[in-house]
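> My questions all concern the structure below.
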Amino acid sequence: MIEERERTDMSDDKEYLETTSSDKKNKDSYEKICFMCRRPESKAGKMIDLPNNIHICTDCMQRSFDTMNNSNINYDELMKNIPNMPNISMIDLSSLQNQIPNRQKVKKRQEKPKEKVAPKVFDIKSIPAPHKIKASLDEYVIGQEHAKKVMSVAVYNHYKRVFAENTDDVEIEKSNMLMIGPTGSGKTYMVKTLARLLDVPLAITDATSLTEAGYIGDDIESVVSKLLAAADNDVEKAEHGIIFIDEIDKIAKKKNTNQRDVSGEAVQQGMLKLLEGSEIEVPVGANSKNAMVPLTTVDTRNILFICGGAFPDLEEIVKERLNKTASIGFQADLKDKYDHDDSLLEKVTVDDLRKFGMIPEFLGRLPVIFALKGLTRDMLVEILKEPKNAILKQYQKLLAMDEVKLEFEQGALEAIADMAMEKHTGARALRAILEEYMLDIMYEIPKDDSIGEVIITKEYIQHTGGPKILLRGQELPQLEMQERN
């Protein structure tokens, strides 16, 4: 009996030593967690280490100090009212830390080894010529030839202005841009594609969250702080960047309102100096100046601003102006002449935008104004299959992982384009339609390993038939192959 007890005791000690050693090994693989707010170190930032393995983030520590400094508590009176107050030295702090269960511990991410890349010299030679920028945009964006040409020239001229030598009295002014186009026409997609092509910092932000200084929301300077973050807090690099402000039509002047317009005209007035060029104090690593972060000064004179918006109901304003021509007589225009004009936004003027709600001072700082055309049926069919990142190519890649070939008949693509035209949401409708029709196919195909090819037909899109499914090694009849081609 004694020998058995000794054996069990030795086995328990051995297990204890193994668990403690494994805990020590895994200790470095887990993140530190704030004892007060329970946030891991990857979210809360660097922790302050206290005795007995207690960690507190800087936010909670600062909040505690602020509470102590701002409170008017009489600690002497408090201690008199609590006669049996235990001594803090008698509390076992290590037991508090052990209250965090294992399921709440966060493992550290394994950092990938970074390759050392020599920093590129940023000069005019590193910026491609306008025709090369447009050729790169053509690979991703279908149509919008005029818009791509305007954007390519504006970006190239902007950097020629940045690196121009001031040897004479001629100073090149900055040409900010304003893009107007219906929803889903590719405004944001063009700028995102431009960001990938150019090796310059680019920040994309929405104007919907901007408010006048002092109100809840993002300050106007937060636009520049996002660019600074995109440039890895390099001020000199950020001052050569591009800022795209989307949904710019949402800060139009509100009509028939008795309240203060903190997210409309006030924002336009606050952005005047930003667009023209001025030195702005920007918080480093935060969007708000109220945070306890250092401030740095960014000069916006060499930052190119691109504004974009759908401007709903702007077509009605343009149509009303065009219909004010001769309304009586033999040469009078019909009132419905411009109802089905796809290029109506190309006729927009500064007066039309001013009537929409944009103030003249704001429009004066956006000299390059151009419109994007609405997408036609043929353009939607090309968007489905032609770009490098086309939606069909994405689905073909997904099914290729299951060793299944995916094809679309031309009639099916045209039927999808017709359905997208009815939704009036531009290219965004294409993915929504494809997600609906590809759901059953993506669900059923992994069940059967014998399927080799799936052909989406026009009948399947129109709910009058189903897709063609070919088994591995099976081929289409010659007549059907000719019809498909």
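Just so we're on the same page: first chain in the structure tokens is A, next is B, and so on; residues restart at 1 for each chain, and ligands are numbered from 1 in the order they show up.
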Considering only helix (DSSP H, G or I) as DSSP defines it on the backbone, what residues of range 180-349 of chain A qualify? List them as a PyMOL selection string.
chain A and resi 187-197+222-230+235-238+248-251+265-270+272-276+314-322+344-347
> Do you know which residues are at most 7 Å from range 131-140 of chain A counting only C-alpha atoms, after dropping those on the same chain fewer than 6 positions away, and could you put them as a VMD selection string?
chain A and resid 148 to 149 152 193 387 to 389
> Report the distance between CA of Leu353 in chain A and CA of Met151 in chain A in Å, rounded to one decimal place.
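Between CA of Leu353 in chain A and CA of Met151 in chain A the gap works out to 20.3 Å.
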> Quick one: everything within 7 Å of range 156-159 of chain A, counting only C-alpha atoms, minus sequence neighbours fewer than 4 positions away in the same chain. Send it as a VMD selection string.
chain A and resid 124 129 to 130 152 163 174
> Write a file of the just-selected residues containing all heavy atoms, as a tab-separated table (two decimals), in the first residue's frame.

chain	number	residue	atom	x	y	z
A	124	ILE	N	9.53	62.42	-60.44
A	124	ILE	CA	8.66	62.47	-61.60
A	124	ILE	C	8.87	61.26	-62.52
A	124	ILE	O	7.95	60.84	-63.24
A	124	ILE	CB	8.88	63.80	-62.37
A	124	ILE	CG1	7.82	63.99	-63.47
A	124	ILE	CG2	10.28	63.86	-62.95
A	124	ILE	CD1	6.41	64.08	-62.98
A	129	ALA	N	3.35	57.85	-67.59
A	129	ALA	CA	2.75	58.85	-68.46
A	129	ALA	C	1.24	58.63	-68.52
A	129	ALA	O	0.73	57.55	-68.19
A	129	ALA	CB	3.36	58.74	-69.86
A	130	PRO	N	0.47	59.65	-68.96
A	130	PRO	CA	-1.00	59.52	-68.98
A	130	PRO	C	-1.49	58.33	-69.79
A	130	PRO	O	-2.44	57.65	-69.37
A	130	PRO	CB	-1.46	60.85	-69.59
A	130	PRO	CG	-0.38	61.82	-69.29
A	130	PRO	CD	0.88	61.03	-69.31
A	152	SER	N	-6.28	60.47	-65.82
A	152	SER	CA	-4.87	60.17	-66.10
A	152	SER	C	-4.07	61.45	-66.29
A	152	SER	O	-2.96	61.60	-65.74
A	152	SER	CB	-4.77	59.29	-67.34
A	152	SER	OG	-5.50	58.10	-67.19
A	163	PHE	N	6.86	68.51	-58.60
A	163	PHE	CA	8.31	68.46	-58.79
A	163	PHE	C	8.83	69.58	-59.69
A	163	PHE	O	9.99	69.55	-60.09
A	163	PHE	CB	8.71	67.10	-59.37
A	163	PHE	CG	8.44	65.97	-58.43
A	163	PHE	CD1	7.41	65.08	-58.68
A	163	PHE	CD2	9.20	65.78	-57.29
A	163	PHE	CE1	7.15	64.03	-57.82
A	163	PHE	CE2	8.95	64.74	-56.42
A	163	PHE	CZ	7.92	63.86	-56.69
A	174	LYS	N	-3.09	74.14	-58.49
A	174	LYS	CA	-3.56	72.77	-58.29
A	174	LYS	C	-4.92	72.58	-58.93
A	174	LYS	O	-5.78	73.46	-58.87
A	174	LYS	CB	-3.62	72.47	-56.79
A	174	LYS	CG	-4.00	71.04	-56.46
A	174	LYS	CD	-3.78	70.71	-55.00
A	174	LYS	CE	-4.62	71.55	-54.09
A	174	LYS	NZ	-4.59	71.07	-52.71
